[in-house]
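Here's the structure we're looking at; comments come further down.
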Amino acid sequence: MSYTVTREIEPQMIADQIITAIEGGCNYWLGSFKLVTGHTTDVPWYGSPELYQGEFGISAIGSEDPDDEIWHLDNAALAGGLQAMADKYPEHYSNMITGSGDAETADVFLQCCLLGEIVYG
């Protein structure tokens, strides 16, 4: 028998994971992160919890060369990534939820959101 648990994730937790990933966890595979839709006046923009409260779109571009893949992060990608992280990498998910995560946790979060699984690292 199994049970399903639903948990609300606050925008601040998303912002914390994004800022940790961008500033220390994913720079070995991700070259740039650009806001496409959404608005914030915070600096850095990707660390603003308000951005993740509404509709937004971010382009994430690989780091190997100019012809690298472009991935898109939006509300649907966040929801899918959180579910993938909980299902496939429960230890990392638990670390994120309890606030004991680190750059590796944030990298796993971002890879789950953009790629659906850990591909790099």
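Naming works like this for the structure tokens: A, B, ... for the chains as they're shown, residue 1 at the start of each chain, ligands 1 onward in shown order.
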For region 102-108 of chain A, find every residue with an atom within 6 Å (counting only C-alpha atoms), except residues of its own chain fewer than 5 positions away, and show them as a list in words. Gln17, Thr20, Ala21, Gly24, Gly25, Cys26 and His92 of chain A
What does the file look like for those residues with C-alpha atoms, as a CSV table (one decimal), in the first residue's frame?
```csv
chain,number,residue,atom,x,y,z
A,17,GLN,CA,16.8,27.0,-4.6
A,20,THR,CA,21.7,28.7,-4.8
A,21,ALA,CA,21.7,26.8,-8.1
A,24,GLY,CA,26.9,27.9,-6.9
A,25,GLY,CA,25.3,24.6,-8.0
A,26,CYS,CA,24.8,24.5,-11.8
A,92,HIS,CA,17.4,15.8,-1.9
```
Per DSSP on the backbone, what are the strand (DSSP E) residues of chain A, as an MDAnalysis selection string? chainID A and resid 30:37 57:62 70:74
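Going from CA of Gly62 (chain A) over to CA of Thr98 (chain A), you cover 29.5 Å.
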Skip Met85 (chain A) itself and residues of its chain fewer than 2 positions away, then list as an MDAnalysis selection string all residues within 10 Å of it, counting only C-alpha atoms. chainID A and resid 79:83 87:94 96 105 108:113 116:118
Counting only C-alpha atoms, the residue of A:Ala60, A:Ile70, A:Leu30, A:Ile14 that sits nearest Ser48 (chain A): A:Ile14
CA of Ile9 (chain A) sits from CA of Ser63 (chain A) at a separation of 29.1 Å
Please return, as a ChimeraX atom specification, all residues of chain A that DSSP assigns to alpha helix (DSSP H) on the basis of the backbone. /A:11-20,75-88,90-98,103-115
Keeping only N, CA and C atoms, take the residues you just selected and write them out as a tab-separated table (two decimals), in the first residue's frame.
```
chain	number	residue	atom	x	y	z
A	11	PRO	N	6.86	30.39	-2.54
A	11	PRO	CA	7.76	31.03	-3.52
A	11	PRO	C	9.15	31.33	-2.96
A	12	GLN	N	9.25	31.61	-1.67
A	12	GLN	CA	10.57	31.87	-1.08
A	12	GLN	C	11.48	30.65	-1.20
A	13	MET	N	10.91	29.45	-1.02
A	13	MET	CA	11.71	28.23	-1.14
A	13	MET	C	12.19	28.05	-2.58
A	14	ILE	N	11.32	28.36	-3.54
A	14	ILE	CA	11.72	28.28	-4.95
A	14	ILE	C	12.84	29.27	-5.21
A	15	ALA	N	12.67	30.50	-4.77
A	15	ALA	CA	13.70	31.53	-4.97
A	15	ALA	C	15.02	31.11	-4.33
A	16	ASP	N	14.96	30.54	-3.14
A	16	ASP	CA	16.18	30.09	-2.46
A	16	ASP	C	16.90	29.02	-3.28
A	17	GLN	N	16.14	28.09	-3.84
A	17	GLN	CA	16.75	27.02	-4.64
A	17	GLN	C	17.35	27.58	-5.93
A	18	ILE	N	16.62	28.47	-6.58
A	18	ILE	CA	17.11	29.06	-7.83
A	18	ILE	C	18.38	29.86	-7.59
A	19	ILE	N	18.38	30.71	-6.58
A	19	ILE	CA	19.56	31.54	-6.34
A	19	ILE	C	20.77	30.67	-5.96
A	20	THR	N	20.55	29.63	-5.17
A	20	THR	CA	21.65	28.74	-4.79
A	20	THR	C	22.17	27.97	-6.00
A	75	ASN	N	5.87	27.82	-14.64
A	75	ASN	CA	5.10	27.21	-13.56
A	75	ASN	C	4.94	25.70	-13.74
A	76	ALA	N	4.66	25.27	-14.96
A	76	ALA	CA	4.49	23.85	-15.22
A	76	ALA	C	5.80	23.08	-15.01
A	77	ALA	N	6.91	23.66	-15.45
A	77	ALA	CA	8.21	23.01	-15.26
A	77	ALA	C	8.56	22.92	-13.77
A	78	LEU	N	8.22	23.95	-13.01
A	78	LEU	CA	8.44	23.90	-11.55
A	78	LEU	C	7.64	22.77	-10.92
A	79	ALA	N	6.36	22.69	-11.25
A	79	ALA	CA	5.51	21.64	-10.68
A	79	ALA	C	6.03	20.25	-11.04
A	80	GLY	N	6.38	20.07	-12.31
A	80	GLY	CA	6.91	18.78	-12.74
A	80	GLY	C	8.24	18.46	-12.10
A	81	GLY	N	9.08	19.47	-11.97
A	81	GLY	CA	10.39	19.27	-11.35
A	81	GLY	C	10.30	18.93	-9.88
A	82	LEU	N	9.41	19.59	-9.16
A	82	LEU	CA	9.22	19.27	-7.75
A	82	LEU	C	8.73	17.84	-7.58
A	83	GLN	N	7.81	17.42	-8.45
A	83	GLN	CA	7.30	16.05	-8.37
A	83	GLN	C	8.40	15.05	-8.72
A	84	ALA	N	9.17	15.34	-9.76
A	84	ALA	CA	10.28	14.45	-10.14
A	84	ALA	C	11.30	14.35	-9.01
A	85	MET	N	11.61	15.47	-8.38
A	85	MET	CA	12.57	15.47	-7.28
A	85	MET	C	12.04	14.63	-6.12
A	86	ALA	N	10.77	14.80	-5.77
A	86	ALA	CA	10.18	14.03	-4.67
A	86	ALA	C	10.16	12.53	-4.98
A	87	ASP	N	9.83	12.19	-6.23
A	87	ASP	CA	9.71	10.78	-6.62
A	87	ASP	C	11.06	10.09	-6.81
A	88	LYS	N	11.99	10.77	-7.48
A	88	LYS	CA	13.25	10.13	-7.87
A	88	LYS	C	14.40	10.36	-6.89
A	90	PRO	N	14.28	11.46	-3.24
A	90	PRO	CA	13.63	11.88	-2.00
A	90	PRO	C	14.57	12.46	-0.95
A	91	GLU	N	15.82	12.02	-0.92
A	91	GLU	CA	16.76	12.58	0.05
A	91	GLU	C	17.03	14.06	-0.25
A	92	HIS	N	17.24	14.37	-1.52
A	92	HIS	CA	17.44	15.78	-1.91
A	92	HIS	C	16.17	16.59	-1.66
A	93	TYR	N	15.03	16.01	-1.97
A	93	TYR	CA	13.75	16.69	-1.73
A	93	TYR	C	13.58	16.99	-0.24
A	94	SER	N	13.87	16.01	0.59
A	94	SER	CA	13.79	16.20	2.03
A	94	SER	C	14.73	17.30	2.51
A	95	ASN	N	15.95	17.30	1.98
A	95	ASN	CA	16.91	18.35	2.35
A	95	ASN	C	16.39	19.73	1.97
A	96	MET	N	15.75	19.84	0.82
A	96	MET	CA	15.19	21.12	0.39
A	96	MET	C	14.07	21.54	1.34
A	97	ILE	N	13.16	20.64	1.62
A	97	ILE	CA	11.99	20.94	2.46
A	97	ILE	C	12.40	21.33	3.88
A	98	THR	N	13.41	20.67	4.41
A	98	THR	CA	13.82	20.93	5.79
A	98	THR	C	14.81	22.09	5.91
A	103	ALA	N	24.25	23.50	-2.31
A	103	ALA	CA	24.35	23.75	-3.75
A	103	ALA	C	23.99	22.50	-4.55
A	104	GLU	N	24.35	21.34	-4.06
A	104	GLU	CA	24.00	20.09	-4.76
A	104	GLU	C	22.48	19.90	-4.78
A	105	THR	N	21.83	20.17	-3.68
A	105	THR	CA	20.37	20.07	-3.60
A	105	THR	C	19.72	21.01	-4.62
A	106	ALA	N	20.21	22.23	-4.67
A	106	ALA	CA	19.66	23.22	-5.61
A	106	ALA	C	19.92	22.81	-7.05
A	107	ASP	N	21.07	22.23	-7.32
A	107	ASP	CA	21.38	21.74	-8.67
A	107	ASP	C	20.42	20.62	-9.06
A	108	VAL	N	20.18	19.69	-8.15
A	108	VAL	CA	19.23	18.60	-8.42
A	108	VAL	C	17.84	19.18	-8.68
A	109	PHE	N	17.43	20.15	-7.87
A	109	PHE	CA	16.14	20.81	-8.06
A	109	PHE	C	16.04	21.39	-9.47
A	110	LEU	N	17.05	22.15	-9.89
A	110	LEU	CA	17.00	22.80	-11.19
A	110	LEU	C	17.05	21.78	-12.33
A	111	GLN	N	17.87	20.74	-12.19
A	111	GLN	CA	17.90	19.71	-13.23
A	111	GLN	C	16.55	19.00	-13.33
A	112	CYS	N	15.92	18.73	-12.20
A	112	CYS	CA	14.59	18.10	-12.23
A	112	CYS	C	13.58	19.01	-12.92
A	113	CYS	N	13.65	20.30	-12.65
A	113	CYS	CA	12.71	21.24	-13.28
A	113	CYS	C	12.95	21.38	-14.78
A	114	LEU	N	14.19	21.40	-15.20
A	114	LEU	CA	14.50	21.62	-16.61
A	114	LEU	C	14.60	20.32	-17.41
A	115	LEU	N	15.08	19.24	-16.78
A	115	LEU	CA	15.38	18.01	-17.50
A	115	LEU	C	14.57	16.80	-17.03
```
Which neighbours of Gly121 (chain A) fall inside 9 Å, counting only C-alpha atoms, when residues of the same chain fewer than 2 positions from it are skipped, and could you give them as a PyMOL selection string? chain A and resi 28-29+118-119
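CA of Ile58 (chain A) is found 4.5 Å from CA of Leu35 (chain A).
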Residue with smallest distance to Gly57 (chain A) - pool A:Gly31, A:Thr41, A:Trp71, A:Ser100, counting only C-alpha atoms: A:Trp71
